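Visitor: One structure, as structure tokens, below. Some questions next.
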Amino acid sequence: MTTLWSGRFAAAPDAAAFEWGSSFGFDRRLFEDDVTGSVAWAKALAHAGVLSRSEADAIDAALHDILERGRSDPGFVQGADEDVHSFVERLLVERLGDAGKRLHTGRSRNEQVSLDLRLYLRRRIPVLQAAVAAIVGALTGQARQAGDALMPSYTHFRPAQPVLVAHFLLAHAAPLRRDYARLAGAREEANALPLGSGAIAGTSYAVDVATLAADLGFDRVVANSIDASSDRDFAATFLYACAMTMVHLSRLAEDLIILCGDEHRFFEFSDALSTGSSMMPQKKNPDPLELVRGKTGRAFGNLLALLTTMKGLPSGYNKDLQEDKHGVFDAEDTLAGCTAVVKSVVDGLTLNRERAAAAASGLLLATDVADYLVGRGVPFRSAHEIVGALVRKLVAEQREFSSLSMDEWRAASDRFEADVVQRVTPEASVAAKRTPQSTSPSAVRAALGEVEAWLALLPLENPLC
Ligand code: ARG
């Protein structure tokens with residue numbers, strides 16, 4: 001095995017240590033990006049007068065051939081090479097001889113690996129964004145179908161107030177839209193050209209980095225070559241965006257596991273996305289969502305691992321940074337898998353309207369009773385006391401507001417009139433809400449329309465994918 005640095009050493013590398021330290025087994029995933037970067041670098045070297053036009057053309061043709069072969073046959077991208085950069089360079093030299101050997105002029109793998117990872121994230125993040133948006137689409141579709149269906153909301157996991165089922169579903173769409181934006185931010189952070197930084201001090205060749213950046217679709221060039229060689233902030237930002245998205249998928253999973261459970265049954269999972277028990281014939285288990293919840297720990301681990309790897313590094317490139325790719329690829333795969341299964345689960349949900357609505361009634365209308373008294377001039381704090389006492393009586397007698405006679409209402413407060421009976425229902429409760437973020441049916445309809453309009457404006461396909 002020849003390396004890119006063999007001239008310095010009298011002996012061949014220790015085979016086991018070399019293999020252990022090589023990254024080709026996993027950074028082969030950057031193959032396309034490595035070739036893309038080299039094509040642009042060859043062009044920049046030609047402009048700088050380092051390569052002749054014919055050398056640059058030969059390199060360009062050979063790199064495109066290598067890319068084509070790698071794309072059509074994934075088995076092609078393998079070998080005993082130290083990393084993907086060495087692999088591409090070896091193939092190039094095998095094809096072109098000296099012209100191939102000139103490509104690495106003024107360039108270091110330190111910046112190359114940063115470039116590749118930036119290019120990779122730039123083309124892969126939109127795929128994850130589309131997957132996140134697809135869940136928003138699934139939630140929106142369910143919200144549309146739910147119409148004005150009611151369910152209880154919970155605080156402290158105790159019944160709180162009636163809400164529209166659509167409001168609950170959109171409550172899970174909102175954080176996913178933030179995740180979409182957070183992923184866009186991570187992509188934007190990665191979108192800077194590190195080439196021209198050399199190994200650490202910059203490059204001595206007249207490379208026009210602004211043109212090179214434009215060629216590769218970057219909107220800027222990094223500010224400092226020392227910083228650039230060890231900057232993995234963009235990778236950490238990506239891992240944070242993935243971890244946060246997983247938080248939201250995990251919470252959605254948890255809500256659905258509970259609300260589809262036998263104790264609630266507000267929704268039902270499709271059979272296709274449920275699992276059975278090898279022993280208990282009655283079981284209908286939510287394994288896919290449990291796995292989503294479980295994999296969230298992995299996503300957090302990837303972020304923490306990279307932060308820890310980064311924190312003690314002296315300035316400049318250090319091999320520790322090679323570890324960045326494990327976490328980035330695993331986070332991507334984890335999120336891609338989880339988003340796909342969550343979308344399918346949400347698409348397959350069936351709402352049990354009667355059961356959900358029944359649970360939205362009862363003592364969780366207490367706030368509406370207090371609001372009724374406020375409307376009759378009672379200070380809220382006093383109204384809360386009056387209704388609290390009424391609730392205490394109803395709990396002791398295992399009754400609900402709807403069972404109260406007018407005399408009983410009046411005994412609690414002489415401000416109660418006959419209209420209290422219509423005012424204290426789940427439907428009246430949601431209809432009474434006034435703010436745009438509330439569960440009032442008109443606000444929820446507007447919110448749903450806004451999310452649908454957002455979805456309609458999303459790019460169907462990103463040109464960089
Ligand atoms: N495989 C290395 C990585 O992933 C590439 C950069 C190697 N640079 C070096 N000076 N050894 O970080």
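Letters for chains follow the order of the structure tokens (A, B, ...), residue numbers begin at 1 for each chain, and ligand numbers begin at 1 in the order shown.
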Which residues are close to Ala356 of chain A, i.e. within 12 Å by only C-alpha atoms, leaving aside same-chain residues fewer than 4 positions away? Reply as a list in words.

Guide: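 The neighbour list is Ala146, Asp148, Ala149, Leu150, Met151, Pro152, Ser153, Pro159, Pro162, Val163, Leu164, Val165, Phe168, Leu259, Cys260, Glu263, His264, Arg265, Phe266, Phe267, Glu268, Thr350, Leu351, Asn352, Ala360, Ser361 and Pro426 of chain A.
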
Visitor: Would you give me, as a VMD selection string, the residues in segment 172-298 of chain A that DSSP reads as alpha helix (DSSP H)?

Guide: chain A and resid 172 to 190 209 to 215 225 to 230 233 to 259 287 to 298

Visitor: Could you list, as an MDAnalysis selection string, all residues that come within 8 Å of ligand 1? Count only C-alpha atoms and all ligand atoms.

Guide: chainID A and resid 22:24 27 82:85 108:114 199 317:325

Visitor: Identify which of the residues A:Val444, A:Ala366, A:Ala201, A:Ala236 lies closest to Gly106 of chain A, counting only C-alpha atoms when measuring atom-to-atom distances.

Guide: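 Between A:Val444, A:Ala366, A:Ala201, A:Ala236, the residue approaching Gly106 of chain A most closely is A:Ala201.
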
Visitor: Looking at A:Gly348, A:Gly377, A:Gly147, A:Gly327, which one is nearest to Leu256 of chain A, with distances taken over only C-alpha atoms?

Guide: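 Counting only C-alpha atoms, the residue closest to Leu256 of chain A is A:Gly348.
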
Visitor: Can you pull out every residue within 12 Å of Lys43 of chain A, counting only C-alpha atoms, but drop anything in the same chain fewer than 3 positions away, and send it as a VMD selection string?

Guide: chain A and resid 36 to 40 46 to 61 63 103 207 to 209 211 to 213 215 to 216

Visitor: Which of segment 229-379 of chain A end up as strand (DSSP E) when DSSP is run on this backbone - answer as a ChimeraX atom specification?

Guide: /A:267-268,350-351

Visitor: Using only C-alpha atoms, which of the listed residues (A:Asp14, A:Asp414, A:Glu450, A:Asp371) sits closest to Ala428 of chain A?

Guide: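 Comparing A:Asp14, A:Asp414, A:Glu450, A:Asp371 against Ala428 of chain A, the winner is A:Asp371.
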
Visitor: Do a neighbour search on Gly185 of chain A at 9 Å with only C-alpha atoms, toss out local chain neighbours closer than 5 positions, and write the hits as a list in words.

Guide: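 Selected residues are Tyr180, Ala190, Thr237, Phe238 and Ala241 of chain A.
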